[in-house]
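Structure file model-v3.cif (mmCIF, C-alpha atoms) is printed below.
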```
data_protein
loop_
_atom_site.group_PDB
_atom_site.id
_atom_site.type_symbol
_atom_site.label_atom_id
_atom_site.label_comp_id
_atom_site.auth_asym_id
_atom_site.auth_seq_id
_atom_site.Cartn_x
_atom_site.Cartn_y
_atom_site.Cartn_z
ATOM 1 C CA MET Z 21 -227.434 234.568 10.730
ATOM 2 C CA SER Z 22 -229.443 231.810 9.076
ATOM 3 C CA LYS Z 23 -229.089 228.165 9.992
ATOM 4 C CA LYS Z 24 -227.931 227.490 6.444
ATOM 5 C CA SER Z 25 -225.099 230.066 6.737
ATOM 6 C CA ILE Z 26 -223.955 228.577 10.060
ATOM 7 C CA LEU Z 27 -223.790 225.117 8.467
ATOM 8 C CA THR Z 28 -221.816 226.524 5.514
ATOM 9 C CA ILE Z 29 -219.238 228.221 7.784
ATOM 10 C CA THR Z 30 -218.910 225.083 9.926
ATOM 11 C CA ALA Z 31 -218.264 222.944 6.846
ATOM 12 C CA ALA Z 32 -215.582 225.385 5.649
ATOM 13 C CA LEU Z 33 -213.809 225.334 9.022
ATOM 14 C CA CYS Z 34 -213.838 221.518 9.037
ATOM 15 C CA ALA Z 35 -212.338 221.495 5.552
ATOM 16 C CA LEU Z 36 -209.537 223.849 6.633
ATOM 17 C CA LEU Z 37 -208.771 221.733 9.685
ATOM 18 C CA ALA Z 38 -208.679 218.583 7.564
ATOM 19 C CA LEU Z 39 -206.352 220.271 5.064
ATOM 20 C CA GLY Z 40 -204.002 221.322 7.868
ATOM 21 C CA ALA Z 41 -203.919 217.791 9.215
ATOM 22 C CA CYS Z 42 -203.198 216.464 5.734
ATOM 23 C CA ASN Z 43 -200.311 218.915 5.223
ATOM 24 C CA LYS Z 44 -198.884 217.985 8.623
ATOM 25 C CA ASN Z 45 -199.020 214.275 7.788
ATOM 26 C CA THR Z 46 -197.343 214.918 4.425
ATOM 27 C CA GLU Z 47 -194.563 216.876 6.118
ATOM 28 C CA GLN Z 48 -193.975 214.070 8.613
ATOM 29 C CA SER Z 49 -193.869 211.460 5.851
ATOM 30 C CA ASN Z 50 -191.314 213.524 3.904
ATOM 31 C CA ASN Z 51 -189.093 213.643 6.990
ATOM 32 C CA LYS Z 52 -189.364 209.958 7.850
ATOM 33 C CA PRO Z 53 -186.103 208.195 8.765
ATOM 34 C CA GLU Z 54 -184.012 206.585 6.048
ATOM 35 C CA GLU Z 55 -185.381 203.230 4.946
ATOM 36 C CA GLN Z 56 -183.467 200.371 6.518
ATOM 37 C CA ALA Z 57 -182.775 197.019 4.919
ATOM 38 C CA ALA Z 58 -184.954 194.203 6.238
ATOM 39 C CA PRO Z 59 -183.361 192.301 9.127
ATOM 40 C CA MET Z 60 -181.481 189.246 7.918
ATOM 41 C CA ALA Z 61 -182.256 185.741 9.107
ATOM 42 C CA ALA Z 62 -179.920 184.020 11.526
ATOM 43 C CA ALA Z 63 -176.575 183.140 9.954
ATOM 44 C CA THR Z 64 -176.383 179.734 8.279
ATOM 45 C CA PRO Z 65 -174.015 177.447 10.210
ATOM 46 C CA ILE Z 66 -170.865 176.334 8.379
ATOM 47 C CA ASP Z 67 -168.800 173.369 9.566
ATOM 48 C CA PRO Z 68 -165.267 174.788 10.032
ATOM 49 C CA ALA Z 69 -163.818 171.294 9.563
ATOM 50 C CA THR Z 70 -164.960 171.242 5.918
ATOM 51 C CA VAL Z 71 -164.195 174.742 4.649
ATOM 52 C CA ALA Z 72 -162.087 175.373 1.558
ATOM 53 C CA THR Z 73 -159.809 178.150 0.299
ATOM 54 C CA VAL Z 74 -159.652 179.758 -3.139
ATOM 55 C CA SER Z 75 -156.651 181.888 -4.040
ATOM 56 C CA GLY Z 76 -154.796 183.062 -7.102
ATOM 57 C CA THR Z 77 -153.182 185.863 -9.059
ATOM 58 C CA VAL Z 78 -154.747 188.388 -11.414
ATOM 59 C CA LYS Z 79 -152.585 189.421 -14.373
ATOM 60 C CA PHE Z 80 -152.636 192.266 -16.878
ATOM 61 C CA ASP Z 81 -152.160 190.985 -20.427
ATOM 62 C CA GLY Z 82 -150.430 193.622 -22.529
ATOM 63 C CA THR Z 83 -148.488 196.835 -22.086
ATOM 64 C CA ALA Z 84 -149.333 198.442 -18.775
ATOM 65 C CA PRO Z 85 -150.535 202.060 -18.964
ATOM 66 C CA LYS Z 86 -148.266 204.620 -17.367
ATOM 67 C CA ALA Z 87 -149.725 206.085 -14.211
ATOM 68 C CA SER Z 88 -150.486 209.795 -14.618
ATOM 69 C CA LYS Z 89 -149.146 212.253 -12.068
ATOM 70 C CA ILE Z 90 -151.675 214.248 -10.061
ATOM 71 C CA ASP Z 91 -151.145 217.956 -9.417
ATOM 72 C CA MET Z 92 -152.201 218.687 -5.834
ATOM 73 C CA SER Z 93 -150.785 222.224 -5.684
ATOM 74 C CA GLN Z 94 -154.246 223.807 -5.299
ATOM 75 C CA ASP Z 95 -154.194 222.803 -1.617
ATOM 76 C CA PRO Z 96 -151.038 223.471 0.459
ATOM 77 C CA GLY Z 97 -152.299 220.900 2.951
ATOM 78 C CA CYS Z 98 -151.859 218.105 0.411
ATOM 79 C CA LYS Z 99 -148.294 216.876 0.820
ATOM 80 C CA GLY Z 100 -146.223 214.345 -1.112
ATOM 81 C CA SER Z 101 -146.634 212.854 -4.592
ATOM 82 C CA ASN Z 102 -149.766 211.280 -5.981
ATOM 83 C CA GLU Z 103 -150.604 209.147 -9.023
ATOM 84 C CA ALA Z 104 -153.837 207.928 -10.596
ATOM 85 C CA GLU Z 105 -154.815 204.430 -9.473
ATOM 86 C CA ASN Z 106 -157.389 203.479 -12.103
ATOM 87 C CA VAL Z 107 -155.116 200.690 -13.443
ATOM 88 C CA VAL Z 108 -152.203 199.649 -11.201
ATOM 89 C CA VAL Z 109 -149.838 197.084 -12.719
ATOM 90 C CA ASN Z 110 -146.571 195.819 -11.232
ATOM 91 C CA GLY Z 111 -144.579 193.404 -13.373
ATOM 92 C CA GLY Z 112 -147.746 192.204 -15.081
ATOM 93 C CA ASP Z 113 -149.659 191.773 -11.797
ATOM 94 C CA LEU Z 114 -152.910 193.718 -11.482
ATOM 95 C CA ALA Z 115 -153.780 195.348 -8.141
ATOM 96 C CA ASN Z 116 -157.125 196.612 -6.836
ATOM 97 C CA VAL Z 117 -159.286 193.931 -8.442
ATOM 98 C CA PHE Z 118 -162.316 193.041 -6.341
ATOM 99 C CA VAL Z 119 -162.864 189.267 -6.237
ATOM 100 C CA TYR Z 120 -166.028 187.791 -4.740
ATOM 101 C CA VAL Z 121 -168.368 184.807 -4.824
ATOM 102 C CA LYS Z 122 -171.115 186.051 -7.122
ATOM 103 C CA GLU Z 123 -173.199 182.876 -7.351
ATOM 104 C CA GLY Z 124 -173.486 179.558 -5.545
ATOM 105 C CA LEU Z 125 -174.200 180.491 -1.944
ATOM 106 C CA GLY Z 126 -177.938 179.984 -2.400
ATOM 107 C CA SER Z 127 -180.071 181.097 0.526
ATOM 108 C CA ARG Z 128 -177.215 181.089 3.049
ATOM 109 C CA THR Z 129 -177.073 184.156 5.280
ATOM 110 C CA PHE Z 130 -174.125 185.643 7.159
ATOM 111 C CA ASP Z 131 -173.664 187.984 10.102
ATOM 112 C CA ALA Z 132 -171.894 191.253 9.396
ATOM 113 C CA PRO Z 133 -168.579 191.532 11.294
ATOM 114 C CA LYS Z 134 -168.723 193.693 14.406
ATOM 115 C CA ASP Z 135 -165.280 195.161 13.700
ATOM 116 C CA PRO Z 136 -165.308 198.129 11.304
ATOM 117 C CA VAL Z 137 -163.281 198.424 8.131
ATOM 118 C CA VAL Z 138 -161.152 201.576 7.964
ATOM 119 C CA LEU Z 139 -160.961 204.058 5.101
ATOM 120 C CA GLU Z 140 -158.044 206.431 5.653
ATOM 121 C CA GLN Z 141 -157.424 209.821 4.018
ATOM 122 C CA SER Z 142 -153.718 210.549 3.984
ATOM 123 C CA GLY Z 143 -151.646 212.574 1.519
ATOM 124 C CA CYS Z 144 -154.960 213.668 -0.017
ATOM 125 C CA LYS Z 145 -155.475 210.110 -1.174
ATOM 126 C CA TYR Z 146 -157.853 207.316 -0.128
ATOM 127 C CA HIS Z 147 -156.321 204.224 1.475
ATOM 128 C CA PRO Z 148 -157.246 201.678 0.254
ATOM 129 C CA HIS Z 149 -158.311 202.522 -3.278
ATOM 130 C CA VAL Z 150 -160.694 199.541 -3.403
ATOM 131 C CA LEU Z 151 -162.518 198.310 -0.316
ATOM 132 C CA GLY Z 152 -164.784 195.350 0.409
ATOM 133 C CA VAL Z 153 -167.433 195.410 3.142
ATOM 134 C CA MET Z 154 -170.494 193.399 4.118
ATOM 135 C CA THR Z 155 -173.989 194.880 4.181
ATOM 136 C CA GLY Z 156 -174.540 196.493 7.561
ATOM 137 C CA GLN Z 157 -170.841 196.488 8.485
ATOM 138 C CA THR Z 158 -169.419 199.776 9.755
ATOM 139 C CA VAL Z 159 -167.036 201.746 7.538
ATOM 140 C CA GLN Z 160 -164.882 204.013 9.709
ATOM 141 C CA ILE Z 161 -163.559 207.017 7.760
ATOM 142 C CA LYS Z 162 -160.538 208.871 9.140
ATOM 143 C CA ASN Z 163 -158.784 212.072 8.110
ATOM 144 C CA SER Z 164 -155.036 212.193 8.789
ATOM 145 C CA ASP Z 165 -154.469 215.248 6.585
ATOM 146 C CA PRO Z 166 -154.045 218.876 7.736
ATOM 147 C CA THR Z 167 -156.902 219.892 5.430
ATOM 148 C CA THR Z 168 -160.662 219.367 5.228
ATOM 149 C CA HIS Z 169 -162.124 216.606 3.071
ATOM 150 C CA ASN Z 170 -165.680 216.103 1.825
ATOM 151 C CA ILE Z 171 -166.456 212.393 1.583
ATOM 152 C CA HIS Z 172 -169.158 211.824 -1.028
ATOM 153 C CA PRO Z 173 -170.304 208.336 -2.104
ATOM 154 C CA THR Z 174 -172.491 208.341 -5.234
ATOM 155 C CA PRO Z 175 -174.301 204.976 -5.129
ATOM 156 C CA LYS Z 176 -177.038 203.550 -7.347
ATOM 157 C CA HIS Z 177 -178.673 201.299 -4.741
ATOM 158 C CA ASN Z 178 -177.732 202.870 -1.401
ATOM 159 C CA ARG Z 179 -178.301 206.257 0.220
ATOM 160 C CA GLU Z 180 -176.119 209.082 -1.103
ATOM 161 C CA TRP Z 181 -174.451 211.356 1.429
ATOM 162 C CA ASN Z 182 -171.766 214.028 1.551
ATOM 163 C CA GLU Z 183 -170.038 215.012 4.791
ATOM 164 C CA ALA Z 184 -167.175 217.367 5.557
ATOM 165 C CA GLN Z 185 -164.378 216.123 7.809
ATOM 166 C CA PRO Z 186 -161.939 218.757 9.108
ATOM 167 C CA PRO Z 187 -158.424 217.903 10.306
ATOM 168 C CA SER Z 188 -158.344 215.936 13.586
ATOM 169 C CA ALA Z 189 -162.138 215.492 13.480
ATOM 170 C CA PRO Z 190 -163.622 212.276 14.889
ATOM 171 C CA ALA Z 191 -163.994 209.364 12.498
ATOM 172 C CA ILE Z 192 -167.164 209.266 10.418
ATOM 173 C CA GLU Z 193 -168.978 205.934 10.719
ATOM 174 C CA LYS Z 194 -171.343 204.724 8.015
ATOM 175 C CA ASN Z 195 -172.775 201.481 6.686
ATOM 176 C CA PHE Z 196 -174.509 200.367 3.511
ATOM 177 C CA ALA Z 197 -177.776 198.463 3.549
ATOM 178 C CA ARG Z 198 -177.735 196.981 0.040
ATOM 179 C CA GLU Z 199 -175.338 195.094 -2.181
ATOM 180 C CA GLU Z 200 -173.480 197.254 -4.682
ATOM 181 C CA ILE Z 201 -170.289 196.577 -6.636
ATOM 182 C CA MET Z 202 -167.798 199.369 -7.385
ATOM 183 C CA LEU Z 203 -169.710 202.085 -5.529
ATOM 184 C CA PRO Z 204 -167.818 205.325 -6.328
ATOM 185 C CA VAL Z 205 -166.563 207.598 -3.559
ATOM 186 C CA LYS Z 206 -165.100 211.029 -4.222
ATOM 187 C CA CYS Z 207 -163.971 214.134 -2.334
ATOM 188 C CA ASN Z 208 -165.716 217.365 -3.302
ATOM 189 C CA GLN Z 209 -162.750 219.391 -2.015
ATOM 190 C CA HIS Z 210 -160.127 217.468 -4.020
ATOM 191 C CA PRO Z 211 -161.508 216.201 -7.366
ATOM 192 C CA TRP Z 212 -158.664 213.742 -7.933
ATOM 193 C CA MET Z 213 -159.542 211.782 -4.799
ATOM 194 C CA LYS Z 214 -161.520 208.695 -5.874
ATOM 195 C CA MET Z 215 -162.013 205.175 -4.540
ATOM 196 C CA TYR Z 216 -164.548 202.333 -4.683
ATOM 197 C CA ILE Z 217 -166.478 200.473 -1.987
ATOM 198 C CA ASN Z 218 -167.894 197.015 -2.757
ATOM 199 C CA VAL Z 219 -170.868 195.959 -0.617
ATOM 200 C CA VAL Z 220 -171.757 192.250 -0.534
ATOM 201 C CA LYS Z 221 -173.886 189.960 1.641
ATOM 202 C CA SER Z 222 -171.235 187.308 2.294
ATOM 203 C CA PRO Z 223 -167.719 187.374 3.768
ATOM 204 C CA PHE Z 224 -166.275 185.626 0.709
ATOM 205 C CA PHE Z 225 -164.413 188.419 -1.049
ATOM 206 C CA ALA Z 226 -160.918 189.856 -1.405
ATOM 207 C CA VAL Z 227 -159.008 192.659 -3.140
ATOM 208 C CA THR Z 228 -155.828 191.892 -5.065
ATOM 209 C CA ASP Z 229 -152.656 193.374 -3.573
ATOM 210 C CA LYS Z 230 -149.723 194.931 -5.435
ATOM 211 C CA SER Z 231 -148.580 191.481 -6.544
ATOM 212 C CA GLY Z 232 -152.025 190.706 -7.951
ATOM 213 C CA LYS Z 233 -152.738 188.074 -5.303
ATOM 214 C CA TYR Z 234 -155.983 187.369 -3.474
ATOM 215 C CA GLU Z 235 -157.278 184.733 -1.052
ATOM 216 C CA ILE Z 236 -160.809 183.784 0.011
ATOM 217 C CA LYS Z 237 -160.988 181.535 3.079
ATOM 218 C CA GLY Z 238 -163.728 179.647 4.920
ATOM 219 C CA LEU Z 239 -165.772 178.724 1.835
ATOM 220 C CA PRO Z 240 -168.164 175.789 2.291
ATOM 221 C CA PRO Z 241 -167.774 172.960 -0.277
ATOM 222 C CA GLY Z 242 -169.787 173.617 -3.427
ATOM 223 C CA ASP Z 243 -170.013 174.999 -6.955
ATOM 224 C CA TYR Z 244 -169.474 178.731 -7.310
ATOM 225 C CA THR Z 245 -169.048 181.579 -9.752
ATOM 226 C CA LEU Z 246 -166.176 183.896 -8.920
ATOM 227 C CA ALA Z 247 -166.358 187.458 -10.235
ATOM 228 C CA PHE Z 248 -163.253 189.566 -10.845
ATOM 229 C CA VAL Z 249 -164.114 193.280 -11.124
ATOM 230 C CA GLN Z 250 -161.783 196.125 -12.121
ATOM 231 C CA GLU Z 251 -162.957 199.738 -12.217
ATOM 232 C CA LYS Z 252 -161.806 200.377 -15.814
ATOM 233 C CA LEU Z 253 -161.465 196.873 -17.289
ATOM 234 C CA GLY Z 254 -164.870 195.555 -16.247
ATOM 235 C CA GLU Z 255 -165.884 192.152 -14.918
ATOM 236 C CA GLN Z 256 -164.789 188.604 -15.695
ATOM 237 C CA THR Z 257 -166.139 185.418 -14.147
ATOM 238 C CA GLN Z 258 -164.943 181.862 -13.588
ATOM 239 C CA LYS Z 259 -166.706 178.715 -12.380
ATOM 240 C CA VAL Z 260 -165.027 176.850 -9.551
ATOM 241 C CA THR Z 261 -165.878 173.729 -7.564
ATOM 242 C CA VAL Z 262 -164.288 173.179 -4.168
ATOM 243 C CA ALA Z 263 -164.409 170.025 -2.055
ATOM 244 C CA ALA Z 264 -164.132 169.831 1.716
ATOM 245 C CA LYS Z 265 -160.793 171.148 2.995
ATOM 246 C CA GLU Z 266 -159.604 171.812 -0.548
ATOM 247 C CA SER Z 267 -157.260 174.648 -1.501
ATOM 248 C CA LYS Z 268 -157.795 175.630 -5.114
ATOM 249 C CA THR Z 269 -155.937 178.087 -7.322
ATOM 250 C CA VAL Z 270 -157.999 180.258 -9.664
ATOM 251 C CA ASP Z 271 -155.999 182.764 -11.727
ATOM 252 C CA GLN Z 272 -157.445 185.425 -13.994
ATOM 253 C CA SER Z 273 -156.183 187.962 -16.514
ATOM 254 C CA PHE Z 274 -157.439 191.197 -18.040
ATOM 255 C CA LYS Z 275 -156.394 192.296 -21.504
ATOM 256 C CA ALA Z 276 -155.020 195.713 -22.345
ATOM 257 C CA GLY Z 277 -157.522 197.789 -24.268
ATOM 258 C CA ALA Z 278 -160.544 196.275 -22.496
ATOM 259 C CA GLU Z 279 -161.332 199.704 -21.090
#
```
Would you kindly transcribe this structure into C-alpha cells?
Amino acid sequence: MSKKSILTITAALCALLALGACNKNTEQSNNKPEEQAAPMAAATPIDPATVATVSGTVKFDGTAPKASKIDMSQDPGCKGSNEAENVVVNGGDLANVFVYVKEGLGSRTFDAPKDPVVLEQSGCKYHPHVLGVMTGQTVQIKNSDPTTHNIHPTPKHNREWNEAQPPSAPAIEKNFAREEIMLPVKCNQHPWMKMYINVVKSPFFAVTDKSGKYEIKGLPPGDYTLAFVQEKLGEQTQKVTVAAKESKTVDQSFKAGAE
C-alpha cells in the first residue's frame, strides 16, 4: 500500500472519530437538565414596624351567569356534584380573582416560603380553583379521589409537564422558576378539571374568597399598582399609596359582558 493511501485512510478514520464525538456531544446537550432560574439575591430587609395592609372586596357588576353543571358520569370514581367555576358570583361578590402588587416594588427581592402550598384533587375537582405561589416555592399536589388523575400545566414561560397520579399515590411536588399569571392546569383524564396557578416574585398577593374579599399584609410603605385578574373577565389595575402602618381599602368591580 502506498504512503498516500495510508494517509488517506488515516484521515478518513480521524473524520469518523470526530463525527462520533460530535454526535455524542449533541446527544448530551439534548439531554441536559432543565434550565433553572438564576439564583436570587438576598432578600431585601423590611422593617416590620412600618408595614401596611391593603384589603378590599371585588364585585361583579351586572347579572351573574348561572353556573353550568358538569357531567362526571364517564368515571364512576368521580363522586358528588360539580359546577363550572369560570365565574363564581355570590350576592354580587366575585370569587377567585387573583390580586397582586404588579408594580412598585422596584429591585426588592424576597425569599420563597419553605412551606409548600397544597393543590388538592377531590370530587374530581381542583381545590382551590385559583392558586398563588412564589417563584421557587413548592406546590404539593395530592389526589384524594379513588381514580387516577393526570396533572398537566400548560405554561407560556415555565416548563410544561404532565404526570399521572393514581389513588393513594404520594404527593407530587413541583415548583415554577418564572413569573406567570393565570397559568392553566388541566387533567388529561377528566377534561372538565381546570384551575389556574399564579407565579409571582413577591409575597404580596391574595385570591378573593366566596365573599369577594382579599387581604395583602406586610407591604412596605410606597406607591404601588394593584392588579386584579379574573380568568374570563381579564385584568384591571388600581394605583394605591400606603403610608407606614396604614390599613387601606381598595375595592374593585368587573362588569358583566367583559368576557
| field | Sphere at (-158.6, 193.1, 2.3), radius 7 Å, counting only C-alpha atoms: residues as a list in words | value | Gly152, Ala226 and Val227 of chain Z
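Pairwise distance (CA of Leu151 (chain Z), CA of Phe225 (chain Z)) equals 10.1 Å.
Running the PyMOL selection byres ((chain Z and resi 174) around 7) on this file leaves His172, Pro173, Pro175, Lys176, Glu180, Leu203, Pro204 and Val205 of chain Z selected.
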| field | Neighbour list for Ala191 (chain Z) as a PyMOL selection string, cut-off 8 Å, all atoms listed in the file, skip fewer than 2 positions in-chain | value | chain Z and resi 160-163+189+193
| request: Show which residues sit within 8 Å of Val137 (chain Z), as a list in words. Count all atoms listed in the file, and ignore same-chain residues fewer than 5 positions away. | output: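 The residues satisfying every condition are Val153, Gln157, Thr158, Val159 and Gln160 of chain Z.
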Only C-alpha atoms, please: the residues just picked out, written as a short mmCIF file (atom, residue, chain, number, x, y, z; two decimals), in the frame of the given file.
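Below you can see selection-v6.cif, which holds the result:
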```
data_model
loop_
_atom_site.label_atom_id
_atom_site.label_comp_id
_atom_site.auth_asym_id
_atom_site.auth_seq_id
_atom_site.Cartn_x
_atom_site.Cartn_y
_atom_site.Cartn_z
CA VAL Z 153 -167.43 195.41 3.14
CA GLN Z 157 -170.84 196.49 8.48
CA THR Z 158 -169.42 199.78 9.76
CA VAL Z 159 -167.04 201.75 7.54
CA GLN Z 160 -164.88 204.01 9.71
#
```
Axis-aligned box over every listed atom of region 239-254 of chain Z, padded by 5 Å per side: centre and edges in Å to one decimal, as lines of an AutoDock Vina configuration file?
```
center_x = -165.7
center_y = 186.7
center_z = -7.5
size_x = 18.5
size_y = 37.4
size_z = 29.6
```
| field | Residues selected by the PyMOL selection byres ((chain Z and resi 235-252) around 7), written as a ChimeraX atom specification | value | /Z:66,70-76,106,117-124,202,224-226,234,253-264,279
| request: Name the residues in contact with Pro65 (chain Z) at a cut-off of 9 Å, using only C-alpha atoms, excluding same-chain residues fewer than 3 positions from it; report them as a list in words. | output: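 Listing them by chain and then by number gives Ala62, Arg128, Thr129 and Phe130 of chain Z.
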| request: Run the PyMOL selection byres ((chain Z and resi 156) around 7) on the file and write out the hits as a list in words. | output: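 After applying the PyMOL selection byres ((chain Z and resi 156) around 7), what remains is Ala132, Met154, Thr155, Gln157, Thr158, Asn195, Phe196 and Ala197 of chain Z.
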Could those selected residues go to a file with C-alpha atoms, as a PDB file, keeping the file's coordinate frame?
```
ATOM      1  CA  ALA Z 132    -171.894 191.253   9.396  1.00  0.00           C
ATOM      2  CA  MET Z 154    -170.494 193.399   4.118  1.00  0.00           C
ATOM      3  CA  THR Z 155    -173.989 194.880   4.181  1.00  0.00           C
ATOM      4  CA  GLN Z 157    -170.841 196.488   8.485  1.00  0.00           C
ATOM      5  CA  THR Z 158    -169.419 199.776   9.755  1.00  0.00           C
ATOM      6  CA  ASN Z 195    -172.775 201.481   6.686  1.00  0.00           C
ATOM      7  CA  PHE Z 196    -174.509 200.367   3.511  1.00  0.00           C
ATOM      8  CA  ALA Z 197    -177.776 198.463   3.549  1.00  0.00           C
TER       9      ALA Z 197
END
```
